[in-house]
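Asks: The structure under discussion is supplied below as structure tokens; questions concerning it will follow.
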Amino acid sequence: MAMSGGVDSSVAAAILKEQGCEVIGVTMQVWPTDQSEASAEPSGGCCGTGAIADARRIAQQLGIPHYVINFREIFTQKVIDDFCREYALGRTPNPCIRCNRCIESISDKKLVCTVNPYIGKGETSSPQKTAKPKKILVVGSGPAGLSAAQLLASRGHNVTLWEKEAQPGGSFRYAAMAPRKEPMGKYLEYLINQVKKANVRMQFNTEATEQSIKQFGADAVVLAHGANNVLLDLKSVEGNVAIGVKTAFTTADSLGDNVAIVGGGPEGCELADFLASKGKKITLIEMRRVLGLELVAHPRYHLGERLKKKGAQLYINTKVTEIGRNHLVISRRREADQRLDGFDNFIIPTLHHPNGALAAAIQPFVPEVHNIGDSVEGRTALEAVANGVEIGGKL
Ligand SMILES: Cc1cc2nc3c(=O)[nH]c(=O)nc-3n(C[C@H](O)[C@H](O)[C@H](O)COP(=O)(O)OP(=O)(O)OC[C@H]3O[C@@H](n4cnc5c(N)ncnc54)[C@H](O)[C@@H]3O)c2cc1C
Ligand code: SF4
């Protein structure tokens with residue numbers, strides 16, 4: 001029982017003991033001793049030495065063992081230092097991935113969290129061991145595949161994960177590359193470590209095909225292989241080579257100085273921010289009336305401000321009708337078409353379609369096939385992780 005010295009955990013420990021459970025109390029020690037908080041508050045305040053003494057006293061009264069675990073160093077690094085750094089930079093410190101989806105969800109009266117798929121569901125994250133261990137193949141190491149593989153293996157299944165790329169992370173790797181999205185990279189690292197700890201056999205440079213899945217012979221296959229990504233078909237002339245957003249993230253240093261990004265959805269806006277921070281001159285064109293429409297309002301506002309500060313040329317309510325070797329043509333209602341020249345590279349939007357063909361192909365010979373994450377519908381990591389955990393708890 002994690003005991004804070006407060007009423008809730010003390011009563012919970014007492015009830016568990018009364019019900020005949022073997023209860024062991026643990027309390028985290030988080031505040032550095034050299035801080036003046038102990039002298040500022042004689043009892044050390046919440047989580048201070050006073051709280052530890054309270055927890056120990058209650059454990060003694062209940063007749064249960066009590067241990068204090070020293071988390072001072074990690075708490076200083078991950079929480080206190082991060083808080084001070086972020087505060088000094090004028091940002092709201094928050095030890096999460098700062099995606100703000102929870103804030104958005106409050107108005108829907110249905111609380112969600114990207115990194116905690118159990119929130120608001122009345123469930124816990126403790127996995128129930130399976131009575132029937134199966135040989136399970138998970139395809140894809142994005143947030144959906146990682147979450148599913150980790151939970152399935154923790155529950156006692158024999159899990160292999162195939163990833164066609166040389167490294168794990170899926171599309172979320174790109175999400176983590178944009179400025180101010182570093183916490184997403186840390187979350188991805190966390191997911192990957194959890195999968196390693198759960199003893200999932202991870203195989204990279206391994207593409208799942210109908211044939212290879214047949215040879216593998218799984219009891220169940222979880223397809224978390226992401227969306228079917230198709231570049232938007234724009235009229236192009238003079239053989240220009242337009243590339244997609246993901247390619248632009250990974251080849252940024254080889255792009256020219258003057259870059260046009262067609263499509264100011266979240267991915268296009270974040271790519272613009274990323275390339276502008278590398279000194280590129282950015283022109284961003286969006287056909288809708290708002291840039292980054294699907295982003296949560298607060299980060300969307302700041303992203304727009306950053307782009308303006310970095311000198312990006314921003315167009316809204318504007319369609320691109322032609323892309324040439326170094327120019328593009330834009331069209332706006334009630335205005336004559338305009339030609340913009342001098343570009344070195346063009347980035348065009350990627351459409352995310354459902355990816356169901358592999359499932360249909362393997363269904364005749366695999367007893368159980370499940371599609372999860374973006375392979376069902378292109379959405380966000382929140383849905384991908386939630387899907388992964390759902391299937392991970394079900395099989
Ligand atoms: C630039 C960008 C920014 C984004 N920003 C955010 C954000 O801020 N917040 C957010 O929540 N979401 C964001 N997303 C979306 C998010 O990354 C995706 O919704 C999420 O990664 C989907 O997870 P997934 O596991 O379903 O699929 P993916 O992450 O796409 O992973 C699929 C994996 O399967 C592998 N694969 C495909 N086919 C095979 C095969 N046949 N065999 C083996 N492996 C295969 C792929 O290589 C890939 O690694 C962003 C996406 C991009 C591109
Ligand atoms: S939804 Fe995002 S911002 Fe909110 S607590 Fe979860 S990770 Fe943090």
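Going by the structure tokens order, chains are called A, B, ..., each with residues numbered from 1, while ligands are numbered from 1 in the order shown.
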Which neighbours of region 25-28 of chain A fall inside 8 Å, counting only C-alpha atoms, when residues of the same chain fewer than 6 positions from it are skipped, and could you give them as number ranges by chain?
Replies: A: 1-4, 13, 47, 52, 55, 59, 64-71
Asks: Go ahead and dump the residues you just picked, N, CA and C atoms, as a compact mmCIF listing (two decimals), in the first residue's frame.
Replies:
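Listed below is the output, part16.txt:
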# COMPACT_ATOMS: atom_id res chain seq x y z
N MET A 1 0.85 -1.19 0.00
CA MET A 1 0.00 0.00 0.00
C MET A 1 0.89 1.25 0.00
N ALA A 2 0.69 2.12 -0.99
CA ALA A 2 1.44 3.37 -1.01
C ALA A 2 0.83 4.30 0.05
N MET A 3 1.58 4.58 1.11
CA MET A 3 1.03 5.34 2.24
C MET A 3 1.63 6.74 2.29
N SER A 4 0.74 7.73 2.25
CA SER A 4 1.21 9.12 2.28
C SER A 4 1.26 9.67 3.70
N ALA A 13 -5.34 0.97 4.00
CA ALA A 13 -4.45 -0.06 4.56
C ALA A 13 -5.17 -0.82 5.68
N CYS A 47 4.36 15.12 1.76
CA CYS A 47 5.46 14.28 1.28
C CYS A 47 6.78 14.57 1.99
N ILE A 52 6.23 11.14 6.31
CA ILE A 52 6.84 9.81 6.41
C ILE A 52 6.68 9.26 7.82
N ALA A 55 3.12 8.11 8.33
CA ALA A 55 2.86 6.82 7.67
C ALA A 55 3.47 5.69 8.49
N ALA A 59 1.50 2.57 10.24
CA ALA A 59 1.87 1.19 9.92
C ALA A 59 2.15 0.41 11.21
N ILE A 64 1.79 -3.57 10.45
CA ILE A 64 2.26 -3.99 9.12
C ILE A 64 3.68 -3.42 8.90
N PRO A 65 4.48 -4.11 8.06
CA PRO A 65 5.80 -3.55 7.78
C PRO A 65 5.69 -2.25 6.99
N HIS A 66 6.68 -1.38 7.15
CA HIS A 66 6.64 -0.11 6.42
C HIS A 66 8.04 0.20 5.88
N TYR A 67 8.11 0.55 4.61
CA TYR A 67 9.40 0.89 4.00
C TYR A 67 9.35 2.30 3.42
N VAL A 68 10.48 2.99 3.51
CA VAL A 68 10.59 4.31 2.88
C VAL A 68 11.49 4.15 1.66
N ILE A 69 10.99 4.56 0.50
CA ILE A 69 11.79 4.41 -0.73
C ILE A 69 12.34 5.77 -1.13
N ASN A 70 13.63 5.81 -1.37
CA ASN A 70 14.30 7.08 -1.65
C ASN A 70 14.21 7.46 -3.13
N PHE A 71 13.35 8.42 -3.43
CA PHE A 71 13.21 8.90 -4.81
C PHE A 71 13.75 10.34 -4.93
Asks: To check your reading of the model: which residues sit at most 6 Å from ligand 2 when counting only C-alpha atoms and all ligand atoms? Write the answer as JSON, numbers by chain.
Replies: {"A": [96, 97, 98, 99, 100, 101, 102, 113, 114, 115]}
Asks: Restricting it to C-alpha atoms, dump the selection as a compact mmCIF listing (two decimals), in the first residue's frame.
Replies:
# COMPACT_ATOMS: atom_id res chain seq x y z
CA CYS A 96 3.26 14.84 -18.68
CA ILE A 97 3.49 15.05 -22.47
CA ARG A 98 1.68 18.41 -22.46
CA CYS A 99 -0.72 17.49 -25.22
CA ASN A 100 -3.63 19.22 -23.43
CA ARG A 101 -6.14 16.58 -24.50
CA CYS A 102 -7.41 16.35 -20.89
CA CYS A 113 -5.47 11.40 -21.01
CA THR A 114 -3.02 10.27 -23.68
CA VAL A 115 -0.58 8.65 -21.27
Asks: I need the residues in region 12-194 of chain A that are helix (DSSP H, G or I) according to DSSP; give them as an MDAnalysis selection string.
Replies: chainID A and resid 12:18 37:40 49:62 72:88 101:106 143:154 172:175 182:194
Asks: Restricted to C-alpha atoms, what would the selected residues look like written as a PDB file, in the first residue's frame?
Replies:
ATOM      1  CA  ALA A  12      -7.359   1.767   2.850  1.00  0.00           C
ATOM      2  CA  ALA A  13      -4.455  -0.064   4.559  1.00  0.00           C
ATOM      3  CA  ALA A  14      -6.596  -0.680   7.654  1.00  0.00           C
ATOM      4  CA  ILE A  15      -9.492  -2.088   5.587  1.00  0.00           C
ATOM      5  CA  LEU A  16      -7.195  -4.354   3.583  1.00  0.00           C
ATOM      6  CA  LYS A  17      -5.659  -5.647   6.821  1.00  0.00           C
ATOM      7  CA  GLU A  18      -9.141  -6.215   8.286  1.00  0.00           C
ATOM      8  CA  GLU A  37      11.423  23.113   3.218  1.00  0.00           C
ATOM      9  CA  ALA A  38      11.887  21.111   6.410  1.00  0.00           C
ATOM     10  CA  SER A  39      12.757  24.256   8.349  1.00  0.00           C
ATOM     11  CA  ALA A  40      10.058  26.291   6.599  1.00  0.00           C
ATOM     12  CA  THR A  49       9.605  14.008   6.710  1.00  0.00           C
ATOM     13  CA  GLY A  50       6.503  14.607   8.848  1.00  0.00           C
ATOM     14  CA  ALA A  51       4.364  12.688   6.369  1.00  0.00           C
ATOM     15  CA  ILE A  52       6.844   9.812   6.406  1.00  0.00           C
ATOM     16  CA  ALA A  53       6.752   9.721  10.219  1.00  0.00           C
ATOM     17  CA  ASP A  54       2.923   9.729  10.136  1.00  0.00           C
ATOM     18  CA  ALA A  55       2.863   6.824   7.675  1.00  0.00           C
ATOM     19  CA  ARG A  56       5.370   4.872   9.791  1.00  0.00           C
ATOM     20  CA  ARG A  57       3.339   5.453  12.959  1.00  0.00           C
ATOM     21  CA  ILE A  58       0.123   4.274  11.296  1.00  0.00           C
ATOM     22  CA  ALA A  59       1.871   1.189   9.923  1.00  0.00           C
ATOM     23  CA  GLN A  60       3.112   0.402  13.461  1.00  0.00           C
ATOM     24  CA  GLN A  61      -0.396   0.767  14.846  1.00  0.00           C
ATOM     25  CA  LEU A  62      -1.756  -1.551  12.143  1.00  0.00           C
ATOM     26  CA  ARG A  72      15.014  12.150  -3.941  1.00  0.00           C
ATOM     27  CA  GLU A  73      17.444  12.210  -6.820  1.00  0.00           C
ATOM     28  CA  ILE A  74      14.968  11.284  -9.545  1.00  0.00           C
ATOM     29  CA  PHE A  75      12.343  13.671  -8.104  1.00  0.00           C
ATOM     30  CA  THR A  76      14.875  16.501  -8.131  1.00  0.00           C
ATOM     31  CA  GLN A  77      15.842  15.796 -11.742  1.00  0.00           C
ATOM     32  CA  LYS A  78      12.460  14.997 -13.233  1.00  0.00           C
ATOM     33  CA  VAL A  79      10.132  17.222 -11.246  1.00  0.00           C
ATOM     34  CA  ILE A  80      11.884  20.063  -9.393  1.00  0.00           C
ATOM     35  CA  ASP A  81      14.524  20.904 -12.004  1.00  0.00           C
ATOM     36  CA  ASP A  82      12.010  20.548 -14.832  1.00  0.00           C
ATOM     37  CA  PHE A  83       9.523  22.754 -12.963  1.00  0.00           C
ATOM     38  CA  CYS A  84      12.129  25.494 -12.372  1.00  0.00           C
ATOM     39  CA  ARG A  85      13.402  25.345 -15.962  1.00  0.00           C
ATOM     40  CA  GLU A  86       9.914  25.526 -17.474  1.00  0.00           C
ATOM     41  CA  TYR A  87       8.787  28.244 -15.063  1.00  0.00           C
ATOM     42  CA  ALA A  88      11.848  30.350 -15.890  1.00  0.00           C
ATOM     43  CA  ARG A 101      -6.140  16.582 -24.496  1.00  0.00           C
ATOM     44  CA  CYS A 102      -7.407  16.349 -20.891  1.00  0.00           C
ATOM     45  CA  ILE A 103      -8.213  20.063 -20.870  1.00  0.00           C
ATOM     46  CA  GLU A 104     -10.101  19.692 -24.125  1.00  0.00           C
ATOM     47  CA  SER A 105     -11.996  16.692 -22.773  1.00  0.00           C
ATOM     48  CA  ILE A 106     -13.258  18.464 -19.662  1.00  0.00           C
ATOM     49  CA  PRO A 143       1.941   3.793 -29.665  1.00  0.00           C
ATOM     50  CA  ALA A 144      -0.826   1.264 -30.432  1.00  0.00           C
ATOM     51  CA  GLY A 145       1.482  -1.706 -31.029  1.00  0.00           C
ATOM     52  CA  LEU A 146       3.770  -0.880 -28.100  1.00  0.00           C
ATOM     53  CA  SER A 147       0.857  -0.511 -25.643  1.00  0.00           C
ATOM     54  CA  ALA A 148      -0.787  -3.732 -26.831  1.00  0.00           C
ATOM     55  CA  ALA A 149       2.444  -5.754 -26.843  1.00  0.00           C
ATOM     56  CA  GLN A 150       3.450  -4.600 -23.364  1.00  0.00           C
ATOM     57  CA  LEU A 151       0.116  -5.445 -21.780  1.00  0.00           C
ATOM     58  CA  LEU A 152      -0.279  -8.779 -23.588  1.00  0.00           C
ATOM     59  CA  ALA A 153       3.208  -9.899 -22.507  1.00  0.00           C
ATOM     60  CA  SER A 154       2.672  -8.718 -18.906  1.00  0.00           C
ATOM     61  CA  PHE A 172       4.867   9.265 -33.024  1.00  0.00           C
ATOM     62  CA  ARG A 173       8.611   9.643 -33.617  1.00  0.00           C
ATOM     63  CA  TYR A 174       7.791  12.561 -35.913  1.00  0.00           C
ATOM     64  CA  ALA A 175       5.294  13.981 -33.434  1.00  0.00           C
ATOM     65  CA  GLU A 182      10.164  16.830 -26.499  1.00  0.00           C
ATOM     66  CA  PRO A 183       8.020  15.289 -23.703  1.00  0.00           C
ATOM     67  CA  MET A 184       6.380  13.131 -26.386  1.00  0.00           C
ATOM     68  CA  GLY A 185       9.804  11.670 -27.137  1.00  0.00           C
ATOM     69  CA  LYS A 186      10.260  10.873 -23.449  1.00  0.00           C
ATOM     70  CA  TYR A 187       6.881   9.144 -23.377  1.00  0.00           C
ATOM     71  CA  LEU A 188       7.838   7.100 -26.423  1.00  0.00           C
ATOM     72  CA  GLU A 189      11.077   6.097 -24.684  1.00  0.00           C
ATOM     73  CA  TYR A 190       9.007   5.059 -21.677  1.00  0.00           C
ATOM     74  CA  LEU A 191       6.684   2.915 -23.836  1.00  0.00           C
ATOM     75  CA  ILE A 192       9.656   1.233 -25.522  1.00  0.00           C
ATOM     76  CA  ASN A 193      11.314   0.490 -22.165  1.00  0.00           C
ATOM     77  CA  GLN A 194       8.079  -0.997 -20.828  1.00  0.00           C
TER      78      GLN A 194
END
Asks: Out of A:Ala252, A:Leu307, A:Ala176, A:Val262, which residue has the shortest atom-to-atom distance to ligand 1 when counting only C-alpha atoms and all ligand atoms?
Replies: A:Ala176
Asks: Go through A:Thr321, A:Ser212, A:Ser277, A:Gln167 one by one, measure the shortest atom-to-atom distance of each to Leu358 (chain A) using only C-alpha atoms, and give the residue with the smallest value.
Replies: A:Ser212
Asks: Using only C-alpha atoms and all ligand atoms, which residues of the polymer chains come no farther than 8 Å from ligand 1? I'd like the answer as JSON, numbers by chain.
Replies: {"A": [99, 114, 139, 140, 141, 142, 143, 144, 145, 146, 162, 163, 164, 165, 167, 168, 169, 170, 171, 172, 173, 174, 175, 176, 177, 178, 181, 184, 205, 206, 207, 208, 209, 224, 225, 226, 227, 245, 246, 249, 266, 267, 268, 270, 271, 358, 372, 373, 374, 375, 376, 378, 379, 380, 381, 382, 383, 384, 385]}
Asks: Please report, as CSV, each residue of region 200-305 of chain A lying at most 10 Å from region 361-371 of chain A, together with the nearest pair of atoms and the separation in Å rounded to one decimal; use only C-alpha atoms, and order rows by chain and ascending residue number.
Replies:
residue,atom,partner,partner_atom,distance
A:Thr209,CA,A:Ile362,CA,8.9
A:Glu210,CA,A:Ile362,CA,5.9
A:Gln211,CA,A:Ile362,CA,8.8
A:Ile213,CA,A:Ile362,CA,7.5
A:Lys214,CA,A:Phe365,CA,7.2
A:Gly217,CA,A:Val366,CA,7.5
A:Ala218,CA,A:Val366,CA,6.7
A:Asp219,CA,A:Pro367,CA,5.9
A:Ala220,CA,A:Glu368,CA,4.5
A:Val221,CA,A:Val369,CA,5.0
A:Val222,CA,A:His370,CA,4.8
A:Leu223,CA,A:Asn371,CA,4.7
A:Ala224,CA,A:Asn371,CA,6.2
A:His225,CA,A:Asn371,CA,8.3
A:Gly226,CA,A:Asn371,CA,9.3
Asks: Write the residues you've just listed into a file as a compact mmCIF listing (two decimals), in the first residue's frame, and include N, CA and C atoms for each of them.
Replies:
# COMPACT_ATOMS: atom_id res chain seq x y z
N THR A 209 3.99 -9.62 -43.93
CA THR A 209 3.24 -9.80 -45.17
C THR A 209 2.32 -11.00 -44.96
N GLU A 210 1.44 -11.23 -45.89
CA GLU A 210 0.54 -12.39 -45.78
C GLU A 210 1.38 -13.66 -45.60
N GLN A 211 2.43 -13.77 -46.41
CA GLN A 211 3.28 -14.95 -46.41
C GLN A 211 4.03 -15.12 -45.08
N ILE A 213 3.40 -13.88 -42.18
CA ILE A 213 2.49 -14.14 -41.05
C ILE A 213 2.05 -15.60 -41.06
N LYS A 214 1.80 -16.12 -42.26
CA LYS A 214 1.41 -17.53 -42.39
C LYS A 214 2.52 -18.42 -41.82
N GLY A 217 2.77 -18.45 -37.92
CA GLY A 217 1.80 -19.32 -37.26
C GLY A 217 1.34 -18.86 -35.89
N ALA A 218 0.77 -17.66 -35.80
CA ALA A 218 0.31 -17.13 -34.51
C ALA A 218 -1.12 -17.58 -34.18
N ASP A 219 -1.43 -17.60 -32.87
CA ASP A 219 -2.82 -17.84 -32.46
C ASP A 219 -3.64 -16.58 -32.70
N ALA A 220 -2.98 -15.43 -32.55
CA ALA A 220 -3.68 -14.15 -32.76
C ALA A 220 -2.69 -13.14 -33.33
N VAL A 221 -3.19 -12.27 -34.20
CA VAL A 221 -2.34 -11.21 -34.76
C VAL A 221 -3.01 -9.87 -34.47
N VAL A 222 -2.23 -8.94 -33.89
CA VAL A 222 -2.73 -7.59 -33.66
C VAL A 222 -2.06 -6.68 -34.68
N LEU A 223 -2.84 -6.14 -35.58
CA LEU A 223 -2.29 -5.27 -36.62
C LEU A 223 -2.34 -3.82 -36.16
N ALA A 224 -1.17 -3.31 -35.79
CA ALA A 224 -1.06 -1.91 -35.35
C ALA A 224 -0.10 -1.23 -36.31
N HIS A 225 -0.34 -1.46 -37.60
CA HIS A 225 0.65 -1.03 -38.60
C HIS A 225 0.36 0.34 -39.20
N GLY A 226 -0.46 1.11 -38.48
CA GLY A 226 -0.65 2.51 -38.87
C GLY A 226 -1.54 2.68 -40.09
Asks: Suppose you want the space between CA of Gly263 (chain A) and CA of Gly292 (chain A); what is it in Å?
Replies: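 One can read the CA of Gly263 (chain A) to CA of Gly292 (chain A) distance as 9.2 Å.
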Asks: What is the distance between CA of Asp341 (chain A) and CA of Val290 (chain A), in Å to one decimal?
Replies: 24.0 Å
Asks: Can you list, as an MDAnalysis selection string, all residues belonging to region 162-395 of chain A that DSSP tags as strand (DSSP E)?
Replies: chainID A and resid 162 201:203 220:223 228:231 242:243 258:262 281:285 313:315 319:323 328:331 338:340 345:347 350:353 368:371
Asks: Would you save the residues of that selection, restricted to N, CA and C atoms, as a CSV table (one decimal), in the first residue's frame?
Replies:
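Listed below is the output, result.csv:
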chain,number,residue,atom,x,y,z
A,162,TRP,N,6.8,-7.2,-34.7
A,162,TRP,CA,7.5,-6.9,-35.9
A,162,TRP,C,7.4,-5.5,-36.3
A,201,ARG,N,9.5,-10.0,-27.7
A,201,ARG,CA,10.6,-10.2,-28.7
A,201,ARG,C,10.3,-9.1,-29.8
A,202,MET,N,11.2,-8.1,-29.8
A,202,MET,CA,11.0,-7.0,-30.8
A,202,MET,C,12.0,-7.3,-32.0
A,203,GLN,N,11.4,-7.4,-33.2
A,203,GLN,CA,12.2,-7.6,-34.4
A,203,GLN,C,12.1,-6.4,-35.3
A,220,ALA,N,-3.0,-15.4,-32.5
A,220,ALA,CA,-3.7,-14.2,-32.8
A,220,ALA,C,-2.7,-13.1,-33.3
A,221,VAL,N,-3.2,-12.3,-34.2
A,221,VAL,CA,-2.3,-11.2,-34.8
A,221,VAL,C,-3.0,-9.9,-34.5
A,222,VAL,N,-2.2,-8.9,-33.9
A,222,VAL,CA,-2.7,-7.6,-33.7
A,222,VAL,C,-2.1,-6.7,-34.7
A,223,LEU,N,-2.8,-6.1,-35.6
A,223,LEU,CA,-2.3,-5.3,-36.6
A,223,LEU,C,-2.3,-3.8,-36.2
A,228,ASN,N,-2.8,3.8,-43.9
A,228,ASN,CA,-2.3,3.7,-45.3
A,228,ASN,C,-2.1,5.2,-45.7
A,229,ASN,N,-0.8,5.6,-45.7
A,229,ASN,CA,-0.5,7.0,-46.0
A,229,ASN,C,-0.4,7.3,-47.5
A,230,VAL,N,-1.1,8.2,-48.0
A,230,VAL,CA,-1.1,8.5,-49.5
A,230,VAL,C,-0.9,10.0,-49.6
A,231,LEU,N,0.1,10.4,-50.4
A,231,LEU,CA,0.4,11.8,-50.7
A,231,LEU,C,-0.7,12.4,-51.5
A,242,ALA,N,7.8,16.7,-55.0
A,242,ALA,CA,7.2,17.1,-53.7
A,242,ALA,C,7.4,15.9,-52.8
A,243,ILE,N,7.6,16.2,-51.5
A,243,ILE,CA,7.7,15.1,-50.5
A,243,ILE,C,6.7,15.3,-49.4
A,258,ASN,N,14.4,27.7,-49.0
A,258,ASN,CA,13.1,28.3,-49.2
A,258,ASN,C,12.1,27.1,-49.4
A,259,VAL,N,11.3,26.9,-48.4
A,259,VAL,CA,10.4,25.7,-48.4
A,259,VAL,C,8.9,26.1,-48.4
A,260,ALA,N,8.1,25.5,-49.3
A,260,ALA,CA,6.7,25.7,-49.3
A,260,ALA,C,6.0,24.5,-48.7
A,261,ILE,N,5.1,24.7,-47.7
A,261,ILE,CA,4.4,23.6,-47.1
A,261,ILE,C,2.9,23.8,-47.5
A,262,VAL,N,2.4,22.8,-48.2
A,262,VAL,CA,1.0,22.9,-48.7
A,262,VAL,C,0.2,22.1,-47.6
A,281,LYS,N,13.3,29.4,-44.6
A,281,LYS,CA,12.2,30.4,-44.9
A,281,LYS,C,11.0,29.6,-45.3
A,282,ILE,N,9.9,29.9,-44.6
A,282,ILE,CA,8.7,29.0,-44.7
A,282,ILE,C,7.5,29.8,-45.3
A,283,THR,N,6.9,29.1,-46.3
A,283,THR,CA,5.6,29.6,-46.8
A,283,THR,C,4.6,28.5,-46.5
A,284,LEU,N,3.5,28.8,-45.8
A,284,LEU,CA,2.6,27.7,-45.3
A,284,LEU,C,1.2,28.1,-45.9
A,285,ILE,N,0.6,27.2,-46.6
A,285,ILE,CA,-0.7,27.5,-47.2
A,285,ILE,C,-1.8,26.5,-46.8
A,313,GLN,N,5.6,33.0,-43.9
A,313,GLN,CA,4.5,33.6,-44.7
A,313,GLN,C,3.3,32.6,-44.6
A,314,LEU,N,2.2,33.1,-44.0
A,314,LEU,CA,1.1,32.3,-43.7
A,314,LEU,C,-0.1,32.6,-44.6
A,315,TYR,N,-0.7,31.7,-45.2
A,315,TYR,CA,-1.9,31.9,-46.1
A,315,TYR,C,-3.0,31.0,-45.5
A,319,LYS,N,-6.1,28.0,-51.7
A,319,LYS,CA,-5.8,26.7,-52.3
A,319,LYS,C,-4.6,26.7,-53.2
A,320,VAL,N,-3.9,25.6,-53.2
A,320,VAL,CA,-2.8,25.5,-54.2
A,320,VAL,C,-3.3,24.8,-55.4
A,321,THR,N,-3.2,25.3,-56.5
A,321,THR,CA,-3.8,24.7,-57.7
A,321,THR,C,-2.7,24.1,-58.6
A,322,GLU,N,-1.4,24.5,-58.4
A,322,GLU,CA,-0.4,24.0,-59.3
A,322,GLU,C,1.0,24.0,-58.5
A,323,ILE,N,1.8,23.0,-58.7
A,323,ILE,CA,3.1,23.0,-58.2
A,323,ILE,C,4.1,22.8,-59.3
A,328,LEU,N,4.7,27.8,-57.2
A,328,LEU,CA,3.4,27.3,-57.1
A,328,LEU,C,2.3,28.4,-57.4
A,329,VAL,N,1.1,27.9,-57.7
A,329,VAL,CA,0.0,28.8,-58.0
A,329,VAL,C,-1.0,28.7,-56.9
A,330,ILE,N,-1.4,29.8,-56.4
A,330,ILE,CA,-2.5,29.8,-55.3
A,330,ILE,C,-3.7,30.5,-55.8
A,331,SER,N,-4.8,30.0,-55.2
A,331,SER,CA,-6.1,30.6,-55.7
A,331,SER,C,-6.9,30.9,-54.4
A,338,GLN,N,-2.6,33.6,-58.2
A,338,GLN,CA,-1.3,34.2,-58.0
A,338,GLN,C,-0.1,33.2,-58.0
A,339,ARG,N,0.9,33.6,-58.6
A,339,ARG,CA,2.1,32.7,-58.7
A,339,ARG,C,3.2,33.1,-57.7
A,340,LEU,N,3.6,32.1,-56.9
A,340,LEU,CA,4.7,32.4,-55.9
A,340,LEU,C,5.9,31.7,-56.4
A,345,ASN,N,11.9,23.5,-52.2
A,345,ASN,CA,11.2,22.3,-51.9
A,345,ASN,C,9.8,22.5,-51.6
A,346,PHE,N,9.0,21.5,-51.9
A,346,PHE,CA,7.6,21.5,-51.6
A,346,PHE,C,7.2,20.3,-50.7
A,347,ILE,N,6.5,20.6,-49.7
A,347,ILE,CA,6.0,19.5,-48.8
A,347,ILE,C,4.5,19.5,-49.1
A,350,THR,N,-0.2,14.5,-46.4
A,350,THR,CA,-0.5,13.1,-46.5
A,350,THR,C,-1.9,12.8,-46.0
A,351,LEU,N,-2.6,11.9,-46.8
A,351,LEU,CA,-3.9,11.5,-46.4
A,351,LEU,C,-3.8,10.2,-45.7
A,352,HIS,N,-4.5,10.1,-44.5
A,352,HIS,CA,-4.4,8.8,-43.7
A,352,HIS,C,-5.7,8.0,-44.0
A,353,HIS,N,-5.5,6.9,-44.7
A,353,HIS,CA,-6.7,6.1,-45.0
A,353,HIS,C,-6.6,4.8,-44.1
A,368,GLU,N,-7.4,-15.4,-34.8
A,368,GLU,CA,-7.9,-14.1,-34.3
A,368,GLU,C,-7.1,-12.9,-34.9
A,369,VAL,N,-7.8,-12.0,-35.6
A,369,VAL,CA,-7.1,-10.8,-36.1
A,369,VAL,C,-7.7,-9.6,-35.6
A,370,HIS,N,-6.9,-8.6,-35.2
A,370,HIS,CA,-7.5,-7.3,-34.7
A,370,HIS,C,-6.7,-6.2,-35.3
A,371,ASN,N,-7.4,-5.2,-35.8
A,371,ASN,CA,-6.8,-4.0,-36.3
A,371,ASN,C,-7.0,-2.9,-35.2
Asks: Between A:Arg180, A:Lys280, A:Lys310, A:Lys135, which is the closest to Val200 (chain A) once you count only C-alpha atoms?
Replies: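 Under the stated criterion, the closest residue is A:Lys135.
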Asks: Just want the 8 Å neighbourhood of Arg288 (chain A), counted on only C-alpha atoms, with same-chain residues fewer than 3 positions away dropped. Output as a PyMOL selection string.
Replies: chain A and resi 291+316-318
Asks: Generate a file of the selected residues that holds C-alpha atoms, formatted as a JSON list (two decimals), in the first residue's frame.
Replies:
[["chain", "number", "residue", "atom", "x", "y", "z"],
["A", 291, "LEU", "CA", -4.16, 27.05, -39.25],
["A", 316, "ILE", "CA", -5.37, 30.80, -45.02],
["A", 317, "ASN", "CA", -8.52, 30.37, -47.15],
["A", 318, "THR", "CA", -6.06, 29.64, -49.96]]
Asks: So how far away is CA of Gly264 (chain A) from CA of Pro349 (chain A), in Å?
Replies: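 Going from CA of Pro349 (chain A) over to CA of Gly264 (chain A), I get 8.7 Å.
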Asks: Choose the residue, out of A:Glu22, A:Gly324, A:Lys121, A:Asn387, that has the smallest atom-to-atom separation from Leu234 (chain A); count only C-alpha atoms.
Replies: A:Gly324
